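Have a look at protein_26.txt below; it lists compact mmCIF, C-alpha atoms and all ligand atoms.
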# COMPACT_ATOMS: atom_id res chain seq x y z
CA MET I 1 261.31 164.87 171.68
CA GLN I 2 261.84 164.31 167.98
CA THR I 3 262.59 166.95 165.39
CA LYS I 4 259.63 169.01 164.32
CA VAL I 5 258.73 168.71 160.66
CA ARG I 6 257.13 170.92 158.05
CA VAL I 7 254.13 169.65 156.05
CA GLU I 8 253.83 171.07 152.55
CA ILE I 9 250.90 170.59 150.20
CA GLU I 10 251.82 171.81 146.73
CA ASN I 11 249.28 172.63 144.09
CA VAL I 12 247.06 169.61 144.71
CA SER I 13 243.99 168.95 142.55
CA LEU I 14 241.74 165.97 143.16
CA SER I 15 238.54 164.82 141.48
CA TYR I 16 236.22 161.88 142.00
CA GLY I 17 235.01 161.23 138.47
CA ARG I 18 233.85 164.60 137.22
CA VAL I 19 233.45 166.09 140.69
CA GLU I 20 236.33 168.39 141.57
CA VAL I 21 236.92 168.06 145.31
CA LEU I 22 240.23 169.95 145.71
CA ARG I 23 241.37 172.64 143.31
CA GLU I 24 245.02 173.73 143.21
CA VAL I 25 245.41 173.63 146.97
CA SER I 26 248.74 174.82 148.36
CA LEU I 27 249.41 175.03 152.10
CA THR I 28 252.30 174.81 154.51
CA ALA I 29 252.08 173.81 158.17
CA GLU I 30 255.27 175.01 159.85
CA PRO I 31 257.28 172.76 162.18
CA GLY I 32 255.48 172.46 165.52
CA GLU I 33 252.50 174.48 164.33
CA PHE I 34 248.88 173.82 165.31
CA PHE I 35 247.19 174.31 161.95
CA ALA I 36 243.42 174.09 161.38
CA LEU I 37 241.49 173.28 158.21
CA LEU I 38 238.14 175.00 158.53
CA GLY I 39 235.25 174.87 156.09
CA PRO I 40 231.60 173.93 155.66
CA SER I 41 230.47 170.33 155.19
CA GLY I 42 231.64 168.89 151.88
CA SER I 43 234.33 171.54 151.32
CA GLY I 44 237.09 168.90 151.10
CA LYS I 45 238.69 169.02 154.57
CA SER I 46 238.73 165.26 155.22
CA THR I 47 239.87 164.60 151.67
CA LEU I 48 242.82 166.95 152.19
CA LEU I 49 243.72 165.30 155.50
CA ARG I 50 243.49 161.80 153.99
CA LEU I 51 245.74 163.00 151.21
CA VAL I 52 248.41 164.05 153.74
CA ALA I 53 248.00 160.67 155.48
CA GLY I 54 248.32 158.84 152.17
CA PHE I 55 244.86 157.22 152.11
CA THR I 56 243.90 159.20 149.01
CA GLN I 57 245.85 160.09 145.90
CA ALA I 58 245.49 163.35 143.98
CA GLN I 59 245.56 163.67 140.18
CA SER I 60 248.22 166.35 140.44
CA GLY I 61 250.40 168.08 142.99
CA ARG I 62 252.76 166.90 145.73
CA VAL I 63 252.85 166.33 149.49
CA LEU I 64 256.14 166.89 151.33
CA ILE I 65 256.79 165.94 154.95
CA GLY I 66 260.00 167.20 156.50
CA GLY I 67 261.14 168.24 153.03
CA GLU I 68 260.70 164.71 151.64
CA ASP I 69 258.30 164.11 148.76
CA VAL I 70 255.88 161.45 150.07
CA THR I 71 253.30 161.75 147.30
CA ARG I 72 253.86 158.11 146.27
CA VAL I 73 254.72 156.77 149.74
CA PRO I 74 252.03 154.49 151.28
CA PRO I 75 250.37 155.58 154.56
CA TRP I 76 252.15 153.08 156.83
CA LYS I 77 255.56 154.38 155.73
CA ARG I 78 254.74 158.07 156.32
CA ASN I 79 255.00 157.86 160.13
CA LEU I 80 251.93 160.00 160.73
CA GLY I 81 249.31 159.62 163.42
CA MET I 82 245.69 160.12 162.46
CA VAL I 83 242.68 160.31 164.79
CA PHE I 84 239.48 159.71 162.87
CA GLN I 85 236.21 161.38 163.64
CA ASN I 86 234.60 158.19 165.04
CA TYR I 87 237.83 157.24 166.86
CA SER I 88 236.97 153.50 166.48
CA LEU I 89 238.51 151.88 169.55
CA TRP I 90 238.47 148.07 169.62
CA PRO I 91 235.59 147.19 171.99
CA HIS I 92 236.96 143.75 172.94
CA MET I 93 240.39 145.11 173.97
CA THR I 94 241.33 146.94 177.14
CA VAL I 95 242.47 150.54 177.02
CA ALA I 96 246.13 149.43 177.30
CA GLU I 97 245.69 146.87 174.51
CA ASN I 98 244.11 149.52 172.29
CA VAL I 99 247.06 151.84 172.86
CA ALA I 100 249.56 149.00 172.34
CA PHE I 101 248.00 147.96 169.03
CA GLY I 102 250.02 150.19 166.73
CA LEU I 103 253.22 149.38 168.62
CA GLU I 104 252.68 145.64 168.31
CA GLU I 105 252.22 146.04 164.59
CA ARG I 106 255.71 147.54 164.60
CA ARG I 107 257.00 144.39 166.35
CA LEU I 108 258.65 146.23 169.23
CA PRO I 109 259.87 144.27 172.26
CA ARG I 110 257.29 143.65 175.01
CA ASP I 111 258.86 145.82 177.71
CA VAL I 112 259.34 148.71 175.26
CA ILE I 113 255.66 148.48 174.34
CA ARG I 114 254.64 148.42 177.99
CA ASP I 115 256.70 151.54 178.77
CA LYS I 116 255.36 153.44 175.76
CA VAL I 117 251.75 152.54 176.62
CA THR I 118 252.26 153.71 180.19
CA ALA I 119 253.83 156.96 179.01
CA ALA I 120 251.07 157.66 176.45
CA LEU I 121 248.26 156.95 178.94
CA GLY I 122 250.04 159.15 181.48
CA LEU I 123 250.22 162.00 178.99
CA VAL I 124 246.45 161.98 178.44
CA GLY I 125 245.73 161.59 182.16
CA LEU I 126 244.51 157.98 182.00
CA ALA I 127 247.35 156.19 183.81
CA GLU I 128 244.86 154.32 186.02
CA PHE I 129 242.55 153.26 183.20
CA GLY I 130 244.69 150.73 181.30
CA GLY I 131 242.64 147.72 182.41
CA ARG I 132 239.21 149.06 181.45
CA ARG I 133 237.32 148.42 178.26
CA PRO I 134 236.13 151.33 176.06
CA ASN I 135 232.47 150.83 177.08
CA GLN I 136 233.50 151.50 180.69
CA LEU I 137 234.73 155.00 179.77
CA SER I 138 233.03 158.35 179.18
CA GLY I 139 233.09 159.88 175.71
CA GLY I 140 235.89 162.25 176.67
CA GLN I 141 237.97 159.40 178.11
CA GLN I 142 237.50 157.34 174.94
CA GLN I 143 238.61 160.37 173.00
CA ARG I 144 241.77 160.53 175.07
CA VAL I 145 242.44 156.82 174.49
CA ALA I 146 242.25 157.47 170.74
CA LEU I 147 244.77 160.28 171.18
CA ALA I 148 247.04 158.12 173.35
CA ARG I 149 246.94 155.35 170.75
CA THR I 150 248.02 157.83 168.10
CA ILE I 151 250.79 159.56 170.04
CA ALA I 152 252.16 156.20 171.33
CA ILE I 153 253.63 155.52 167.90
CA GLU I 154 255.48 158.87 168.14
CA PRO I 155 254.28 160.19 164.80
CA LYS I 156 256.08 163.01 163.04
CA VAL I 157 252.75 164.69 162.32
CA LEU I 158 249.40 164.51 164.10
CA LEU I 159 246.31 164.56 161.87
CA LEU I 160 242.99 165.09 163.66
CA ASP I 161 239.71 164.84 161.75
CA GLU I 162 236.93 166.53 163.78
CA PRO I 163 238.15 164.67 166.87
CA LEU I 164 235.71 166.43 169.19
CA SER I 165 232.49 166.26 167.20
CA ASN I 166 231.04 163.35 169.21
CA LEU I 167 231.37 165.14 172.53
CA ASP I 168 228.89 167.42 174.27
CA ALA I 169 229.53 171.17 174.22
CA LYS I 170 231.22 171.50 177.64
CA LEU I 171 233.49 168.50 177.15
CA ARG I 172 234.39 169.69 173.67
CA VAL I 173 235.70 172.97 175.05
CA HIS I 174 237.61 171.13 177.80
CA MET I 175 239.13 168.57 175.41
CA ARG I 176 240.24 171.16 172.88
CA GLY I 177 242.30 172.78 175.63
CA GLU I 178 243.78 169.40 176.52
CA ILE I 179 244.64 168.60 172.91
CA LEU I 180 246.40 171.93 172.56
CA ALA I 181 248.32 171.44 175.83
CA LEU I 182 249.41 167.99 174.69
CA GLN I 183 250.43 169.28 171.27
CA ARG I 184 252.48 172.03 172.89
CA LYS I 185 254.15 169.52 175.23
CA LEU I 186 255.07 167.16 172.38
CA GLY I 187 255.74 169.86 169.79
CA ILE I 188 254.22 167.71 167.00
CA THR I 189 253.15 169.55 163.87
CA THR I 190 249.37 169.13 163.98
CA ILE I 191 246.66 169.51 161.36
CA PHE I 192 243.21 169.74 162.88
CA VAL I 193 240.04 169.55 160.80
CA THR I 194 236.86 171.23 162.00
CA HIS I 195 233.73 172.88 160.64
CA ASP I 196 233.37 174.85 163.88
CA GLN I 197 234.84 178.32 163.49
CA GLU I 198 235.00 179.03 167.21
CA GLU I 199 236.95 175.82 167.76
CA ALA I 200 239.39 176.68 164.97
CA LEU I 201 239.90 180.27 166.19
CA SER I 202 240.36 179.29 169.82
CA ILE I 203 243.19 176.76 169.51
CA SER I 204 245.04 177.25 166.23
CA ASP I 205 248.23 179.08 165.39
CA ARG I 206 246.90 179.48 161.86
CA VAL I 207 243.76 178.50 160.01
CA ALA I 208 243.13 177.72 156.34
CA VAL I 209 239.53 178.23 155.25
CA LEU I 210 238.27 175.95 152.47
CA GLU I 211 235.18 176.48 150.38
CA ALA I 212 234.23 173.95 147.70
CA GLY I 213 237.78 172.64 147.44
CA VAL I 214 239.42 176.06 147.15
CA ILE I 215 241.51 177.75 149.85
CA GLN I 216 239.88 181.12 150.49
CA GLN I 217 242.30 182.48 153.08
CA VAL I 218 245.12 181.38 155.36
CA GLY I 219 245.98 183.38 158.46
CA THR I 220 246.10 183.64 162.21
CA PRO I 221 242.69 183.57 163.90
CA MET I 222 242.84 187.32 164.47
CA GLU I 223 243.79 188.05 160.86
CA LEU I 224 240.83 186.04 159.58
CA PHE I 225 238.46 187.79 161.95
CA ASP I 226 239.76 191.34 161.52
CA ARG I 227 240.82 191.25 157.89
CA PRO I 228 238.60 188.76 156.05
CA ALA I 229 239.70 188.46 152.42
CA ASN I 230 236.17 188.25 151.04
CA ARG I 231 232.48 187.96 151.86
CA PHE I 232 232.63 184.22 152.34
CA ILE I 233 235.29 184.53 155.05
CA ALA I 234 233.56 187.52 156.68
CA ASN I 235 230.34 185.51 156.96
CA PHE I 236 231.87 182.15 157.84
CA VAL I 237 234.31 183.37 160.49
CA GLY I 238 232.00 185.07 162.95
CA THR I 239 228.85 187.11 162.28
CA VAL I 240 228.97 190.23 160.18
CA ASN I 241 226.81 193.04 158.79
CA LEU I 242 227.36 193.70 155.08
CA LEU I 243 226.30 196.99 153.49
CA ALA I 244 226.44 197.68 149.78
CA GLY I 245 227.53 201.03 148.39
CA THR I 246 230.22 202.78 146.40
CA VAL I 247 233.69 203.92 147.28
CA GLU I 248 235.90 206.76 146.04
CA PRO I 249 239.53 207.48 146.92
CA ALA I 250 239.88 210.57 149.12
CA PRO I 251 242.78 212.51 150.66
CA GLN I 252 242.17 210.82 154.06
CA GLY I 253 241.85 207.34 152.53
CA ALA I 254 238.41 206.65 151.10
CA VAL I 255 234.82 207.77 151.20
CA PHE I 256 232.12 205.11 151.28
CA GLU I 257 228.59 206.11 150.36
CA SER I 258 225.25 204.32 150.55
CA PRO I 259 221.62 205.47 150.84
CA LEU I 260 221.43 204.16 154.42
CA THR I 261 224.67 205.58 155.83
CA GLY I 262 225.36 208.62 153.69
CA ARG I 263 229.08 209.32 153.41
CA ILE I 264 231.58 207.58 155.73
CA THR I 265 235.25 208.54 155.67
CA LEU I 266 237.51 205.51 156.00
CA ALA I 267 241.24 205.48 156.74
CA ALA I 268 242.24 202.72 154.28
CA PRO I 269 242.53 203.63 150.59
CA PRO I 270 240.23 201.54 148.35
CA ALA I 271 241.64 198.81 146.09
CA ARG I 272 239.61 200.44 143.32
CA ALA I 273 236.74 202.91 143.02
CA GLY I 274 233.17 201.72 142.43
CA ALA I 275 230.78 199.21 143.99
CA VAL I 276 231.87 197.66 147.29
CA GLN I 277 230.51 196.07 150.42
CA ILE I 278 231.55 197.15 153.86
CA ALA I 279 231.60 194.72 156.77
CA VAL I 280 230.94 195.67 160.40
CA ARG I 281 230.85 193.19 163.29
CA PRO I 282 227.73 193.16 165.52
CA HIS I 283 229.68 194.13 168.64
CA ALA I 284 231.13 197.18 166.84
CA LEU I 285 227.69 198.79 166.47
CA ALA I 286 226.41 201.05 169.25
CA LEU I 287 222.75 201.64 170.05
CA ALA I 288 221.24 204.83 171.44
CA ALA I 289 217.74 206.05 172.24
CA PRO I 290 216.40 208.52 169.62
CA GLY I 291 216.54 211.45 172.09
CA ALA I 292 220.08 210.78 173.34
CA ALA I 293 223.06 212.96 172.34
CA PRO I 294 225.07 210.42 170.38
CA ASP I 295 228.84 210.07 170.07
CA PRO I 296 229.86 212.37 167.16
CA ALA I 297 232.69 210.05 166.11
CA ARG I 298 230.12 207.56 164.84
CA ILE I 299 227.77 207.63 161.86
CA TRP I 300 224.23 207.24 163.20
CA VAL I 301 221.32 205.73 161.27
CA ASP I 302 217.69 205.37 162.39
CA GLY I 303 216.14 201.97 162.87
CA ILE I 304 213.42 199.95 164.59
CA VAL I 305 214.20 196.94 166.80
CA ALA I 306 212.76 193.90 165.00
CA GLU I 307 214.02 191.15 167.33
CA ARG I 308 215.91 190.83 170.53
CA GLU I 309 217.71 187.71 171.70
CA PHE I 310 219.00 187.54 175.28
CA LEU I 311 222.27 185.58 175.33
CA GLY I 312 223.46 186.16 178.91
CA GLU I 313 226.67 188.14 178.48
CA PHE I 314 225.14 190.18 175.70
CA VAL I 315 221.89 190.94 173.92
CA ARG I 316 221.71 190.42 170.17
CA TYR I 317 219.38 192.84 168.38
CA ARG I 318 218.10 192.66 164.82
CA ILE I 319 217.33 196.18 163.67
CA ARG I 320 215.46 197.20 160.55
CA ALA I 321 217.22 200.27 159.13
CA GLY I 322 216.17 201.44 155.65
CA ASP I 323 216.17 198.24 153.60
CA ALA I 324 218.94 196.64 155.70
CA ASP I 325 218.74 194.26 158.66
CA LEU I 326 221.54 195.09 161.09
CA ILE I 327 222.72 192.73 163.82
CA ALA I 328 223.98 194.60 166.90
CA ASP I 329 225.39 192.92 170.02
CA GLN I 330 225.27 194.96 173.21
CA PRO I 331 226.85 193.89 176.51
CA HIS I 332 224.21 193.03 179.07
CA LEU I 333 224.52 194.66 182.47
CA ALA I 334 222.19 193.79 185.36
CA GLY I 335 219.47 196.39 185.84
CA GLU I 336 219.73 197.77 182.31
CA PRO I 337 216.73 196.57 180.32
CA GLY I 338 217.97 197.66 176.90
CA PHE I 339 215.56 198.02 174.00
CA ALA I 340 212.39 196.09 173.15
CA PRO I 341 211.02 195.01 169.76
CA GLY I 342 209.17 197.93 168.18
CA ASN I 343 211.41 200.56 169.85
CA ALA I 344 212.96 203.23 167.65
CA VAL I 345 216.75 203.31 168.06
CA LYS I 346 219.81 204.97 166.59
CA VAL I 347 222.54 202.63 165.36
CA GLY I 348 226.08 204.01 165.53
CA ILE I 349 228.73 202.83 163.09
CA ASN I 350 232.34 203.39 164.12
CA PRO I 351 234.31 204.12 160.90
CA ALA I 352 237.48 202.65 162.47
CA GLN I 353 235.72 199.28 162.75
CA VAL I 354 234.53 199.18 159.14
CA LYS I 355 236.27 196.78 156.77
CA MET I 356 235.96 197.24 153.01
CA LEU I 357 235.37 194.11 150.91
CA GLY I 358 235.19 193.60 147.17
CA ALA I 359 231.72 193.86 145.60
N1 LIG W 1 235.19 158.43 147.74
C1 LIG W 1 234.48 159.43 147.25
N2 LIG W 1 233.85 159.35 146.05
C2 LIG W 1 233.15 160.38 145.55
N3 LIG W 1 233.01 161.57 146.16
C3 LIG W 1 233.60 161.73 147.35
C4 LIG W 1 234.35 160.68 147.96
N4 LIG W 1 234.83 161.15 149.14
C5 LIG W 1 234.38 162.41 149.26
N5 LIG W 1 233.64 162.77 148.18
C6 LIG W 1 233.02 164.09 147.95
O1 LIG W 1 234.03 165.07 148.08
C7 LIG W 1 233.55 166.24 148.70
C8 LIG W 1 234.42 166.59 149.89
O2 LIG W 1 234.29 165.60 150.86
P1 LIG W 1 235.04 165.67 152.26
O3 LIG W 1 234.72 164.44 153.01
O4 LIG W 1 236.47 165.96 152.03
O5 LIG W 1 234.35 166.95 152.91
P2 LIG W 1 234.49 167.57 154.37
O6 LIG W 1 234.89 168.99 154.19
O7 LIG W 1 235.35 166.71 155.21
O8 LIG W 1 233.01 167.55 154.91
P3 LIG W 1 232.40 167.22 156.39
O9 LIG W 1 232.54 168.50 157.20
O10 LIG W 1 230.96 166.92 156.12
O11 LIG W 1 233.16 166.06 156.97
C9 LIG W 1 232.10 165.96 149.06
O12 LIG W 1 231.29 166.55 148.09
C10 LIG W 1 232.01 164.45 149.00
O13 LIG W 1 230.72 164.04 148.66
MG MG W 2 235.02 165.51 156.92
Here is a file; write its structure as structure tokens.
Amino acid sequence: MQTKVRVEIENVSLSYGRVEVLREVSLTAEPGEFFALLGPSGSGKSTLLRLVAGFTQAQSGRVLIGGEDVTRVPPWKRNLGMVFQNYSLWPHMTVAENVAFGLEERRLPRDVIRDKVTAALGLVGLAEFGGRRPNQLSGGQQQRVALARTIAIEPKVLLLDEPLSNLDAKLRVHMRGEILALQRKLGITTIFVTHDQEEALSISDRVAVLEAGVIQQVGTPMELFDRPANRFIANFVGTVNLLAGTVEPAPQGAVFESPLTGRITLAAPPARAGAVQIAVRPHALALAAPGAAPDPARIWVDGIVAEREFLGEFVRYRIRAGDADLIADQPHLAGEPGFAPGNAVKVGINPAQVKMLGA
């Protein structure tokens, strides 16, 4: 196994004409880390990855790989492996020939190439498939050939641009586990681009969230989910209820107040007094029938069920409460019918699960 390297992106800004695509982006992927770039379509993820690979140049800023400034180094001298979204295998070559391609370009001896191809195909579980052509493989197998081709050259860094987007939902989940297992086995610093938040949260050590070319937050999946830095992150990473109101410092921490909820005492002191939004996840809301004796630790508000969506493990309710629409997820248990549209319900907010955001 080769030494693990750090990838540093320092203060990079990039424009196409007058369109600013990346704005003062700084990021570090630690040696051996599985790092995801997450963001909506057009936010600049592929551009940032191509910049690390050397296919794109920025107007300002630097890229360092293993401490070495590679900003002016061409792609073929950076020793990186990139898997593109449409993994473009050569249709007229066998699987083994596809995997050998990058090694032949490096003019390695024949037997060395053969051994490396065998090892790479073995790693992705395709040892028996060397003689087939890409059109004789399933989508997931083709995906693995693209990975084998990339790891065969023993890159210092693995760059993956939405490598699973062409696969069906089940295979995507399976392959993401395989990619992570392979990355862990090889210990290669990996940057993985996706617009799918569940995918990013499930396999990454850390995630950077991009919006319109600006990094909004970098953190572990749990940090992003539990402590979103702003409304964009709260909405983009998972589903969230946002309620507007005002906040005052208090001896216990803070008091939030809104017409819907009245006063809620929160443990965390506010950054500043005044207008704020609070965020509560759908699964952190409880529902109770109007006549029930509700849990006194929660703040209860009255609502009417507007919609109900049965999702198997849980039921997602949309509840009209005052002028707010609240999303509440309740676990589904066999034999418990839950609530129906039109039913009056009480919605219970647990103050410990409330996160304060800026206005
Ligand atoms: N060569 C180019 N010339 C002009 N504009 C470009 C070029 N390449 C990308 N862009 C623009 O830069 C922005 C970012 O593009 P990029 O491909 O990095 O987005 P992305 O986050 O990868 O999106 P997606 O999830 O759709 O792949 C987009 O608005 C795009 O139209
Ligand atoms: Mg892209």
Return the single residue from I:Ile151, I:Ala169, I:Leu49, I:Ala306 that is closest to I:Leu186, with distances computed using all atoms listed in the file.
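Residue with the minimum atom-to-atom distance to I:Leu186: I:Ile151.
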Using all atoms listed in the file, the best pick from I:Pro228, I:Gly219, I:Gly245, I:Gly335 as closest to I:Val276 would be I:Gly245
Please identify every residue of chain I that has at least one atom no farther than 12 Å from an atom of ligand MG 2 (chain W), counting only C-alpha atoms and all ligand atoms, and for each give the shortest atom pair and the distance in Å to one decimal, arranged by chain then increasing number, as CSV.
residue,atom,partner,partner_atom,distance
I:Leu37,CA,W:MG2,MG,10.2
I:Leu38,CA,W:MG2,MG,10.1
I:Gly39,CA,W:MG2,MG,9.4
I:Pro40,CA,W:MG2,MG,9.2
I:Ser41,CA,W:MG2,MG,6.9
I:Gly42,CA,W:MG2,MG,6.9
I:Ser43,CA,W:MG2,MG,8.3
I:Gly44,CA,W:MG2,MG,7.0
I:Lys45,CA,W:MG2,MG,5.6
I:Ser46,CA,W:MG2,MG,4.1
I:Thr47,CA,W:MG2,MG,7.2
I:Leu48,CA,W:MG2,MG,9.2
I:Leu49,CA,W:MG2,MG,8.8
I:Arg50,CA,W:MG2,MG,9.7
I:Phe84,CA,W:MG2,MG,9.4
I:Gln85,CA,W:MG2,MG,8.0
I:Asn86,CA,W:MG2,MG,10.9
I:Leu160,CA,W:MG2,MG,10.4
I:Asp161,CA,W:MG2,MG,6.8
I:Glu162,CA,W:MG2,MG,7.2
I:Pro163,CA,W:MG2,MG,10.5
I:Ser165,CA,W:MG2,MG,10.6
I:Phe192,CA,W:MG2,MG,11.0
I:Val193,CA,W:MG2,MG,7.5
I:Thr194,CA,W:MG2,MG,7.9
I:His195,CA,W:MG2,MG,8.4
I:Asp196,CA,W:MG2,MG,11.8
I:Leu210,CA,W:MG2,MG,11.8
Can you spit out the residues from that selection as a PDB file, in the coordinates of the input, using C-alpha atoms?
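Just written: part_17.pdb:
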ATOM      1  CA  LEU I  37     241.490 173.280 158.210  1.00  0.00           C
ATOM      2  CA  LEU I  38     238.140 175.000 158.530  1.00  0.00           C
ATOM      3  CA  GLY I  39     235.250 174.870 156.090  1.00  0.00           C
ATOM      4  CA  PRO I  40     231.600 173.930 155.660  1.00  0.00           C
ATOM      5  CA  SER I  41     230.470 170.330 155.190  1.00  0.00           C
ATOM      6  CA  GLY I  42     231.640 168.890 151.880  1.00  0.00           C
ATOM      7  CA  SER I  43     234.330 171.540 151.320  1.00  0.00           C
ATOM      8  CA  GLY I  44     237.090 168.900 151.100  1.00  0.00           C
ATOM      9  CA  LYS I  45     238.690 169.020 154.570  1.00  0.00           C
ATOM     10  CA  SER I  46     238.730 165.260 155.220  1.00  0.00           C
ATOM     11  CA  THR I  47     239.870 164.600 151.670  1.00  0.00           C
ATOM     12  CA  LEU I  48     242.820 166.950 152.190  1.00  0.00           C
ATOM     13  CA  LEU I  49     243.720 165.300 155.500  1.00  0.00           C
ATOM     14  CA  ARG I  50     243.490 161.800 153.990  1.00  0.00           C
ATOM     15  CA  PHE I  84     239.480 159.710 162.870  1.00  0.00           C
ATOM     16  CA  GLN I  85     236.210 161.380 163.640  1.00  0.00           C
ATOM     17  CA  ASN I  86     234.600 158.190 165.040  1.00  0.00           C
ATOM     18  CA  LEU I 160     242.990 165.090 163.660  1.00  0.00           C
ATOM     19  CA  ASP I 161     239.710 164.840 161.750  1.00  0.00           C
ATOM     20  CA  GLU I 162     236.930 166.530 163.780  1.00  0.00           C
ATOM     21  CA  PRO I 163     238.150 164.670 166.870  1.00  0.00           C
ATOM     22  CA  SER I 165     232.490 166.260 167.200  1.00  0.00           C
ATOM     23  CA  PHE I 192     243.210 169.740 162.880  1.00  0.00           C
ATOM     24  CA  VAL I 193     240.040 169.550 160.800  1.00  0.00           C
ATOM     25  CA  THR I 194     236.860 171.230 162.000  1.00  0.00           C
ATOM     26  CA  HIS I 195     233.730 172.880 160.640  1.00  0.00           C
ATOM     27  CA  ASP I 196     233.370 174.850 163.880  1.00  0.00           C
ATOM     28  CA  LEU I 210     238.270 175.950 152.470  1.00  0.00           C
TER      29      LEU I 210
END
Atomic distance atom C4 of ligand LIG 1 (chain W) - atom CA of I:Trp90, expressed in Å with one decimal:
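These atoms are spaced 25.4 Å apart.
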Given all atoms listed in the file as the basis, pick out the residue of I:Gly54, I:Gly213, I:Pro134, I:Gly125 nearest to ligand LIG 1 (chain W).
I:Gly213
Considering only C-alpha atoms, return as a count of residues only whatever protein or nucleic-acid residues lie within 8 Å of I:Arg176, sequence-local ones (same chain, fewer than 5 positions apart) excluded.
3
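Candidate residues I:Leu285, I:Val7, I:Ala250, I:Ala53 were compared for distance to I:Ile319, and the nearest is I:Leu285, using only C-alpha atoms.
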Neighbour list for I:Ala288 as a PyMOL selection string, cut-off 12 Å, all atoms listed in the file, skip fewer than 3 positions in-chain:
chain I and resi 285+291-295+298-305+328+330+338-339+343-349
Can you work out the spacing between atom CA of I:Leu243 and atom CA of I:Leu260 in Å, to one decimal?
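Answer for the atom CA of I:Leu243 to atom CA of I:Leu260 separation: 8.7 Å.
Distances from I:Arg320, I:Arg272, I:Arg206, I:Arg149 to I:Ala29 were compared using all atoms listed in the file, and the smallest one belongs to I:Arg206.
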Could you add the missing atoms to stretch 212-225 of chain I, up to N, CA and C atoms, and return them as a short mmCIF file (atom, residue, chain, number, x, y, z; two decimals), keeping the file's coordinate frame?
data_model
loop_
_atom_site.label_atom_id
_atom_site.label_comp_id
_atom_site.auth_asym_id
_atom_site.auth_seq_id
_atom_site.Cartn_x
_atom_site.Cartn_y
_atom_site.Cartn_z
N ALA I 212 234.35 174.72 148.94
CA ALA I 212 234.23 173.95 147.70
C ALA I 212 235.60 173.62 147.10
N GLY I 213 236.51 173.13 147.94
CA GLY I 213 237.78 172.64 147.44
C GLY I 213 238.81 173.70 147.11
N VAL I 214 238.49 174.97 147.44
CA VAL I 214 239.42 176.06 147.15
C VAL I 214 239.78 176.75 148.47
N ILE I 215 241.09 177.01 148.68
CA ILE I 215 241.51 177.75 149.85
C ILE I 215 241.13 179.22 149.66
N GLN I 216 240.32 179.73 150.59
CA GLN I 216 239.88 181.12 150.49
C GLN I 216 240.81 182.07 151.22
N GLN I 217 241.37 181.62 152.32
CA GLN I 217 242.30 182.48 153.08
C GLN I 217 243.06 181.63 154.08
N VAL I 218 244.31 182.01 154.32
CA VAL I 218 245.12 181.38 155.36
C VAL I 218 245.62 182.49 156.26
N GLY I 219 245.48 182.34 157.56
CA GLY I 219 245.98 183.38 158.46
C GLY I 219 245.84 183.00 159.91
N THR I 220 246.32 183.87 160.78
CA THR I 220 246.10 183.64 162.21
C THR I 220 244.61 183.87 162.47
N PRO I 221 244.10 183.34 163.58
CA PRO I 221 242.69 183.57 163.90
C PRO I 221 242.32 185.05 163.87
N MET I 222 243.19 185.90 164.42
CA MET I 222 242.84 187.32 164.47
C MET I 222 242.84 187.95 163.07
N GLU I 223 243.78 187.53 162.24
CA GLU I 223 243.79 188.05 160.86
C GLU I 223 242.50 187.70 160.12
N LEU I 224 242.05 186.45 160.29
CA LEU I 224 240.83 186.04 159.58
C LEU I 224 239.63 186.85 160.07
N PHE I 225 239.60 187.09 161.36
CA PHE I 225 238.46 187.79 161.95
C PHE I 225 238.48 189.28 161.61
#
